[in-house]
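Okay, so here's the structure we're looking at.
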Amino acid sequence: MAKSNVYLVPVDFSKTSEIALNQAIELARENKGKLVLLHVISDSAWMAAGDDVGSAQILADYHKLIEQNAAKEMQKLVRRKRLKPGQCRSILIRGGDPASVIAGQAKKSRASMIIMASHGRTGLKRVVLGSIAERTLRYARCPVLIVKK
């Protein structure tokens, strides 16, 4: 079976995820591979407004604004990195556990590797928030390269 040279890169538009993207770009160029940039809009972004906003229209506008902002940020990132359509594909997914979504998208995209950032949370923040990178390692069926800042 031929090995694919598809690299899935979860991005949250932070400096740390951009460092991971730089690593992925380098690997893709060396191996004539393609990139799949993935941004997961977490459930918390959807549910945060649900408790405080009574109007369904305001909630729908809020969700639309989140998606539009993510799409704009993705376009800016692709332009800044000078990635061409043949080199990469961008995907926005709404909802779900980010680690499960990342692992599922890697399988769907037939990624040979996931290249992602670790924000390096420690102590209480890590216990409370968990580590998306750590959970992705458990769920993924392909290698995961975790890039620290």
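Ordering of the structure tokens sets the chain letters (A, B, ...), residue numbers begin anew at 1 in every chain, and ligands are numbered from 1 in the order given.
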At a cut-off of 6 Å, using only C-alpha atoms, what residues contact Ser112 of chain A? Leave out same-chain residues fewer than 4 positions from it and give the result as a CSV table (one decimal) with C-alpha atoms, in the first residue's frame.
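After the write, part_19.csv holds the following:
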```csv
chain,number,residue,atom,x,y,z
A,4,SER,CA,0.2,9.0,1.5
A,5,ASN,CA,2.0,12.3,2.1
A,6,VAL,CA,-0.9,14.1,3.6
```
For this session: Name all residues at most 8 Å from Phe13 of chain A (count only C-alpha atoms; drop same-chain ones fewer than 2 positions away) and give them as number ranges by chain.
Result: A: 11, 15, 17-18, 73-74, 77
Preceding selection exported with N, CA and C atoms as a tab-separated table (two decimals), in the first residue's frame:
```
chain	number	residue	atom	x	y	z
A	11	VAL	N	-5.21	23.85	13.56
A	11	VAL	CA	-4.79	25.22	13.85
A	11	VAL	C	-5.85	25.92	14.68
A	15	LYS	N	0.20	31.50	18.04
A	15	LYS	CA	1.60	31.44	17.58
A	15	LYS	C	2.11	30.01	17.64
A	17	SER	N	0.43	27.17	17.27
A	17	SER	CA	-0.06	26.34	16.16
A	17	SER	C	0.58	26.76	14.84
A	18	GLU	N	0.99	28.04	14.74
A	18	GLU	CA	1.69	28.49	13.54
A	18	GLU	C	3.08	27.86	13.46
A	73	GLU	N	-9.76	34.07	9.43
A	73	GLU	CA	-8.46	33.78	10.03
A	73	GLU	C	-7.72	32.69	9.25
A	74	MET	N	-8.48	31.69	8.79
A	74	MET	CA	-7.87	30.61	7.99
A	74	MET	C	-7.34	31.17	6.68
A	77	LEU	N	-4.16	33.09	7.28
A	77	LEU	CA	-3.05	32.18	7.56
A	77	LEU	C	-2.51	31.55	6.28
```
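Atom CA of Leu21 of chain A lies 7.4 Å from atom CA of Ile115 of chain A.
Of note, atom CA of Val147 of chain A and atom CA of Ala117 of chain A are spaced 4.8 Å apart.
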Could you build a table of the residues in segment 54-78 of chain A lying no more than 12 Å from segment 28-42 of chain A, giving for each the nearest pair of atoms and their separation in Å rounded to one decimal place, using only C-alpha atoms, ordered by chain and ascending residue number, as CSV?
```
residue,atom,partner,partner_atom,distance
A:His63,CA,A:Ile41,CA,9.9
A:Lys64,CA,A:Ile41,CA,11.5
A:Leu65,CA,A:Ile41,CA,11.8
A:Ile66,CA,A:Ile41,CA,8.1
A:Glu67,CA,A:Ile41,CA,7.8
A:Gln68,CA,A:Ile41,CA,11.2
A:Asn69,CA,A:Ile41,CA,10.7
A:Ala70,CA,A:His39,CA,7.7
A:Ala71,CA,A:His39,CA,9.0
A:Lys72,CA,A:His39,CA,11.7
A:Glu73,CA,A:His39,CA,9.9
A:Met74,CA,A:His39,CA,8.1
A:Gln75,CA,A:Leu37,CA,10.7
A:Leu77,CA,A:Leu37,CA,9.9
A:Val78,CA,A:Leu37,CA,9.0
```
Write the selection just made, keeping N, CA and C atoms, as a CSV table (one decimal), in the first residue's frame?
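Output contents, as saved in part_21.csv:
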```csv
chain,number,residue,atom,x,y,z
A,63,HIS,N,-23.3,32.5,16.2
A,63,HIS,CA,-22.7,31.3,15.6
A,63,HIS,C,-22.2,31.6,14.2
A,64,LYS,N,-22.9,32.3,13.4
A,64,LYS,CA,-22.5,32.7,12.1
A,64,LYS,C,-21.2,33.6,12.2
A,65,LEU,N,-21.2,34.5,13.1
A,65,LEU,CA,-20.0,35.4,13.3
A,65,LEU,C,-18.8,34.6,13.7
A,66,ILE,N,-18.9,33.6,14.5
A,66,ILE,CA,-17.8,32.7,14.9
A,66,ILE,C,-17.3,32.0,13.7
A,67,GLU,N,-18.2,31.4,12.9
A,67,GLU,CA,-17.7,30.7,11.7
A,67,GLU,C,-17.1,31.7,10.7
A,68,GLN,N,-17.6,32.8,10.5
A,68,GLN,CA,-17.0,33.8,9.5
A,68,GLN,C,-15.7,34.2,10.0
A,69,ASN,N,-15.5,34.5,11.3
A,69,ASN,CA,-14.2,34.9,11.8
A,69,ASN,C,-13.2,33.8,11.6
A,70,ALA,N,-13.6,32.5,11.9
A,70,ALA,CA,-12.6,31.4,11.7
A,70,ALA,C,-12.2,31.3,10.3
A,71,ALA,N,-13.2,31.5,9.4
A,71,ALA,CA,-12.9,31.4,7.9
A,71,ALA,C,-11.9,32.5,7.5
A,72,LYS,N,-12.1,33.7,8.0
A,72,LYS,CA,-11.3,34.8,7.7
A,72,LYS,C,-9.8,34.5,8.2
A,73,GLU,N,-9.8,34.1,9.4
A,73,GLU,CA,-8.5,33.8,10.0
A,73,GLU,C,-7.7,32.7,9.3
A,74,MET,N,-8.5,31.7,8.8
A,74,MET,CA,-7.9,30.6,8.0
A,74,MET,C,-7.3,31.2,6.7
A,75,GLN,N,-8.1,32.0,6.0
A,75,GLN,CA,-7.7,32.6,4.8
A,75,GLN,C,-6.4,33.5,5.0
A,77,LEU,N,-4.2,33.1,7.3
A,77,LEU,CA,-3.0,32.2,7.6
A,77,LEU,C,-2.5,31.6,6.3
A,78,VAL,N,-3.4,31.1,5.4
A,78,VAL,CA,-3.0,30.5,4.1
A,78,VAL,C,-2.3,31.5,3.3
```
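For the choices A:Ile25, A:Pro143, A:Ser109, A:Ile19, the atom-to-atom distance to Gln87 of chain A is smallest for A:Ile25 when using only C-alpha atoms.
Coordinates place atom CA of Ala103 of chain A at a distance of 19.3 Å from atom CA of Lys148 of chain A.
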Exercise. In terms of the shortest atom-to-atom distance over only C-alpha atoms, which of A:Gly95, A:Arg141, A:Lys84, A:Leu59 is closest to Lys108 of chain A?
Worked result: A:Arg141
Please extract the residues of chain A with a backbone DSSP assignment of strand (DSSP E) and present them as a compact mmCIF listing (two decimals) with N, CA and C atoms, in the first residue's frame.
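Full text of states_15.txt as output:
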```txt
# COMPACT_ATOMS: atom_id res chain seq x y z
N VAL A 6 0.07 13.11 3.21
CA VAL A 6 -0.90 14.11 3.63
C VAL A 6 -0.65 14.39 5.10
N TYR A 7 -0.49 15.66 5.42
CA TYR A 7 -0.22 16.08 6.79
C TYR A 7 -1.39 16.91 7.29
N LEU A 8 -2.04 16.41 8.34
CA LEU A 8 -3.15 17.13 8.94
C LEU A 8 -2.59 18.06 10.02
N VAL A 9 -2.95 19.33 9.94
CA VAL A 9 -2.44 20.32 10.88
C VAL A 9 -3.62 21.05 11.54
N PRO A 10 -3.93 20.70 12.79
CA PRO A 10 -4.95 21.44 13.51
C PRO A 10 -4.43 22.83 13.85
N LYS A 34 0.94 17.06 0.79
CA LYS A 34 -0.13 18.04 0.83
C LYS A 34 -0.52 18.28 2.29
N LEU A 35 -1.05 19.46 2.54
CA LEU A 35 -1.47 19.83 3.88
C LEU A 35 -2.99 19.90 3.97
N VAL A 36 -3.51 19.48 5.09
CA VAL A 36 -4.91 19.69 5.42
C VAL A 36 -4.92 20.49 6.70
N LEU A 37 -5.36 21.75 6.61
CA LEU A 37 -5.45 22.61 7.78
C LEU A 37 -6.85 22.49 8.36
N LEU A 38 -6.91 22.20 9.65
CA LEU A 38 -8.19 21.95 10.31
C LEU A 38 -8.36 22.89 11.48
N HIS A 39 -9.50 23.56 11.51
CA HIS A 39 -9.86 24.36 12.68
C HIS A 39 -11.16 23.81 13.23
N VAL A 40 -11.16 23.46 14.52
CA VAL A 40 -12.35 22.94 15.17
C VAL A 40 -12.93 24.03 16.06
N ILE A 41 -14.15 24.40 15.79
CA ILE A 41 -14.85 25.36 16.63
C ILE A 41 -15.51 24.53 17.73
N CYS A 88 -2.60 22.79 -0.27
CA CYS A 88 -3.34 22.61 0.98
C CYS A 88 -4.83 22.75 0.78
N ARG A 89 -5.51 22.23 1.77
CA ARG A 89 -6.97 22.32 1.83
C ARG A 89 -7.31 22.76 3.25
N SER A 90 -8.26 23.65 3.39
CA SER A 90 -8.68 24.14 4.70
C SER A 90 -10.05 23.59 5.05
N ILE A 91 -10.19 23.17 6.31
CA ILE A 91 -11.46 22.62 6.77
C ILE A 91 -11.83 23.27 8.10
N LEU A 92 -13.08 23.71 8.22
CA LEU A 92 -13.63 24.19 9.48
C LEU A 92 -14.71 23.22 9.92
N ILE A 93 -14.62 22.76 11.15
CA ILE A 93 -15.62 21.83 11.68
C ILE A 93 -16.19 22.43 12.95
N ARG A 94 -17.50 22.41 13.05
CA ARG A 94 -18.19 22.99 14.19
C ARG A 94 -18.59 21.89 15.16
N MET A 113 0.23 11.68 8.82
CA MET A 113 0.68 12.21 10.11
C MET A 113 -0.16 13.42 10.50
N ILE A 114 -0.35 13.56 11.81
CA ILE A 114 -0.94 14.77 12.37
C ILE A 114 0.22 15.57 12.96
N ILE A 115 0.29 16.83 12.61
CA ILE A 115 1.33 17.71 13.16
C ILE A 115 0.62 18.82 13.89
N MET A 116 0.79 18.84 15.21
CA MET A 116 0.02 19.80 16.00
C MET A 116 0.84 20.41 17.12
N ALA A 117 0.35 21.51 17.61
CA ALA A 117 1.03 22.23 18.69
C ALA A 117 0.56 21.72 20.04
N SER A 118 1.44 21.91 21.01
CA SER A 118 1.08 21.69 22.40
C SER A 118 1.24 23.03 23.09
N VAL A 144 1.53 11.05 15.38
CA VAL A 144 1.24 12.42 15.77
C VAL A 144 2.55 13.08 16.19
N LEU A 145 2.88 14.16 15.52
CA LEU A 145 4.06 14.96 15.88
C LEU A 145 3.56 16.16 16.66
N ILE A 146 4.00 16.26 17.91
CA ILE A 146 3.59 17.38 18.75
C ILE A 146 4.76 18.36 18.83
N VAL A 147 4.48 19.59 18.40
CA VAL A 147 5.50 20.62 18.34
C VAL A 147 5.27 21.58 19.51
N LYS A 148 6.32 21.77 20.29
CA LYS A 148 6.25 22.73 21.39
C LYS A 148 6.88 24.03 20.94
```
Exercise. Which parts of chain A does DSSP call helix (DSSP H, G or I) when run on the backbone here, written out as JSON, numbers by chain?
Worked result: {"A": [15, 16, 17, 18, 19, 20, 21, 22, 23, 24, 25, 26, 27, 28, 29, 30, 43, 44, 45, 46, 47, 48, 49, 50, 51, 52, 56, 57, 58, 59, 60, 61, 62, 63, 64, 65, 66, 67, 68, 69, 70, 71, 72, 73, 74, 75, 76, 77, 78, 79, 80, 98, 99, 100, 101, 102, 103, 104, 105, 106, 107, 108, 123, 124, 125, 126, 127, 128, 129, 132, 133, 134, 135, 136, 137, 138, 139]}
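Nearest residue to Thr16 of chain A among A:His119, A:Ile132, A:Ile102, A:Gly96 is A:His119, counting only C-alpha atoms.
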